[in-house]
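A.B. asks: Take a look at this one; I'll ask things after.
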Amino acid sequence: SLGKSHHSGGWFHPMHIYLVDFQVLSRKGRAPFAWERGPKDVVYVGEGEKVEVAMKFGPHRGRYMVQCHNLPYEDHSMMFQFRVGLGEDDPDEHDPLQAAPCELDTDPE
């Protein structure tokens with residue numbers, strides 16, 4: 001598992017981590033709310049809040065995505081990727097740009 005802190009920077013952020021569930025460990029240094037104690041894939045981070053989460057990555061090594069679900073961010077595809085278990089130059093069989101590249105569909109049906 002991995003612990004990670006996220007600071008809001010003056011905005012609220014509904015943060016979504018793709019392909020992995022996590023547990024909210026604390027909010028502002030205190031125990032999470034009762035409804036936050038189960039597995040999550042989105043956590044609300046309010047203005048000025050610090051939220052600590054724990055997650056276990058797997059089964060694959062490679063790229064994972066994080067996105068804030070604020071509409072202006074979604075509208076501009078504001079996301080970031082991070083790699084787990086692979087070095088920067090290691091091949092990644094799960095790289096979405098390489099695993100399923102776009103192909104021209106010439107089938108008229």
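Labels for the structure tokens follow display order: chains A, B, ..., residues from 1 in each chain, ligands from 1.
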Name the residues in contact with A:Gly87 at a cut-off of 12 Å, using only C-alpha atoms, excluding same-chain residues fewer than 3 positions from it; report them as a PyMOL selection string.
C.D. replies: chain A and resi 61-63+82-84+90-92
A.B. asks: Selected residues, N, CA and C atoms, written as a PDB file, in the first residue's frame, please.
C.D. replies:
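Resulting contents of part-v1.pdb:
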ATOM      1  N   ARG A  61       1.774  -3.559 -13.571  1.00  0.00           N
ATOM      2  CA  ARG A  61       2.711  -2.462 -13.375  1.00  0.00           C
ATOM      3  C   ARG A  61       2.576  -1.551 -14.578  1.00  0.00           C
ATOM      4  N   GLY A  62       2.760  -0.275 -14.370  1.00  0.00           N
ATOM      5  CA  GLY A  62       2.676   0.658 -15.495  1.00  0.00           C
ATOM      6  C   GLY A  62       1.951   1.924 -15.125  1.00  0.00           C
ATOM      7  N   ARG A  63       1.212   2.448 -16.089  1.00  0.00           N
ATOM      8  CA  ARG A  63       0.585   3.765 -15.946  1.00  0.00           C
ATOM      9  C   ARG A  63      -0.764   3.695 -15.236  1.00  0.00           C
ATOM     10  N   PHE A  82       0.870   8.540 -13.724  1.00  0.00           N
ATOM     11  CA  PHE A  82       2.074   8.196 -12.976  1.00  0.00           C
ATOM     12  C   PHE A  82       2.334   6.720 -13.194  1.00  0.00           C
ATOM     13  N   ARG A  83       3.580   6.317 -13.032  1.00  0.00           N
ATOM     14  CA  ARG A  83       3.978   4.931 -13.282  1.00  0.00           C
ATOM     15  C   ARG A  83       4.231   4.221 -11.957  1.00  0.00           C
ATOM     16  N   VAL A  84       3.808   2.965 -11.904  1.00  0.00           N
ATOM     17  CA  VAL A  84       3.999   2.141 -10.718  1.00  0.00           C
ATOM     18  C   VAL A  84       4.770   0.899 -11.129  1.00  0.00           C
ATOM     19  N   ASP A  90      11.457   1.980 -19.038  1.00  0.00           N
ATOM     20  CA  ASP A  90      11.018   0.596 -19.193  1.00  0.00           C
ATOM     21  C   ASP A  90       9.807   0.529 -20.112  1.00  0.00           C
ATOM     22  N   PRO A  91       9.734  -0.504 -20.970  1.00  0.00           N
ATOM     23  CA  PRO A  91       8.538  -0.646 -21.810  1.00  0.00           C
ATOM     24  C   PRO A  91       7.309  -0.915 -20.938  1.00  0.00           C
ATOM     25  N   ASP A  92       6.183  -0.391 -21.352  1.00  0.00           N
ATOM     26  CA  ASP A  92       4.933  -0.529 -20.604  1.00  0.00           C
ATOM     27  C   ASP A  92       3.897  -1.171 -21.511  1.00  0.00           C
TER      28      ASP A  92
END
A.B. asks: I want to know what sits within 10 Å of stretch 34-36 of chain A, based on only C-alpha atoms, with residues of the same chain fewer than 5 positions away left out; could you give that as a ChimeraX atom specification?
C.D. replies: /A:23-27,42-44
A.B. asks: The selected residues should be written to file as a CSV table (one decimal), in the first residue's frame (atoms: N, CA and C atoms).
C.D. replies:
chain,number,residue,atom,x,y,z
A,23,GLN,N,-8.4,3.8,0.4
A,23,GLN,CA,-9.1,4.0,1.6
A,23,GLN,C,-8.7,5.4,2.1
A,24,VAL,N,-9.6,6.2,2.6
A,24,VAL,CA,-9.3,7.5,3.2
A,24,VAL,C,-8.9,7.2,4.6
A,25,LEU,N,-7.6,7.7,4.9
A,25,LEU,CA,-7.0,7.5,6.2
A,25,LEU,C,-7.4,8.7,7.1
A,26,SER,N,-7.3,9.9,6.6
A,26,SER,CA,-7.6,11.0,7.4
A,26,SER,C,-8.0,12.2,6.6
A,27,ARG,N,-8.7,13.1,7.2
A,27,ARG,CA,-9.1,14.4,6.6
A,27,ARG,C,-8.7,15.5,7.6
A,42,VAL,N,-13.0,7.9,-5.7
A,42,VAL,CA,-13.1,9.3,-5.8
A,42,VAL,C,-13.1,9.8,-4.3
A,43,VAL,N,-12.3,10.9,-4.1
A,43,VAL,CA,-12.3,11.5,-2.8
A,43,VAL,C,-12.5,13.0,-2.9
A,44,TYR,N,-13.4,13.6,-2.1
A,44,TYR,CA,-13.6,15.0,-2.1
A,44,TYR,C,-12.6,15.7,-1.3
A.B. asks: Env of A:Tyr64: 12 Å cut, atoms = only C-alpha atoms, seq-sep filter 2 positions within chain, self excluded. Answer as a VMD selection string.
C.D. replies: chain A and resid 16 to 21 56 to 62 66 to 67 79 to 86 92 94 to 96
A.B. asks: Using C-alpha atoms, can you write the selected residues to a file as a PDB file, in the first residue's frame?
C.D. replies:
ATOM      1  CA  HIS A  16     -10.572  10.215  -9.110  1.00  0.00           C
ATOM      2  CA  ILE A  17      -7.772   7.641  -9.313  1.00  0.00           C
ATOM      3  CA  TYR A  18      -8.378   5.226 -12.181  1.00  0.00           C
ATOM      4  CA  LEU A  19      -8.007   1.417 -11.962  1.00  0.00           C
ATOM      5  CA  VAL A  20      -7.564   1.281  -8.181  1.00  0.00           C
ATOM      6  CA  ASP A  21      -9.709   1.650  -5.072  1.00  0.00           C
ATOM      7  CA  LYS A  56      -2.546  -0.862  -3.307  1.00  0.00           C
ATOM      8  CA  PHE A  57      -1.622  -0.914  -6.979  1.00  0.00           C
ATOM      9  CA  GLY A  58      -2.017  -3.998  -9.113  1.00  0.00           C
ATOM     10  CA  PRO A  59      -2.311  -6.376 -10.717  1.00  0.00           C
ATOM     11  CA  HIS A  60      -0.353  -4.665 -13.488  1.00  0.00           C
ATOM     12  CA  ARG A  61       2.711  -2.462 -13.375  1.00  0.00           C
ATOM     13  CA  GLY A  62       2.676   0.658 -15.495  1.00  0.00           C
ATOM     14  CA  VAL A  66      -5.613  10.740 -11.831  1.00  0.00           C
ATOM     15  CA  GLN A  67      -8.288  13.269 -12.746  1.00  0.00           C
ATOM     16  CA  MET A  79      -5.377  14.622 -16.013  1.00  0.00           C
ATOM     17  CA  PHE A  80      -2.004  13.254 -15.109  1.00  0.00           C
ATOM     18  CA  GLN A  81      -0.398   9.843 -15.281  1.00  0.00           C
ATOM     19  CA  PHE A  82       2.074   8.196 -12.976  1.00  0.00           C
ATOM     20  CA  ARG A  83       3.978   4.931 -13.282  1.00  0.00           C
ATOM     21  CA  VAL A  84       3.999   2.141 -10.718  1.00  0.00           C
ATOM     22  CA  GLY A  85       6.655  -0.557 -10.686  1.00  0.00           C
ATOM     23  CA  LEU A  86       8.402   0.529 -13.899  1.00  0.00           C
ATOM     24  CA  ASP A  92       4.933  -0.529 -20.604  1.00  0.00           C
ATOM     25  CA  HIS A  94      -0.361  -1.339 -20.726  1.00  0.00           C
ATOM     26  CA  ASP A  95       0.500   2.063 -22.235  1.00  0.00           C
ATOM     27  CA  PRO A  96      -2.903   3.129 -23.625  1.00  0.00           C
TER      28      PRO A  96
END
A.B. asks: Would you please work out which residue, of A:Asp105, A:Glu88, A:Lys28, A:Arg37, is nearest to A:Glu52 when using only C-alpha atoms?
C.D. replies: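 Between A:Asp105, A:Glu88, A:Lys28, A:Arg37, the residue approaching A:Glu52 most closely is A:Lys28.
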A.B. asks: Report the distance between atom CA of A:Cys68 and atom CA of A:Pro14 in Å, rounded to one decimal place.
C.D. replies: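 If I compute the distance from atom CA of A:Cys68 to atom CA of A:Pro14, I get 5.5 Å.
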A.B. asks: Counting only C-alpha atoms, which of A:Glu103, A:Gly38, A:Gly29, A:Gly46 gets nearest to A:Met15?
C.D. replies: A:Gly46
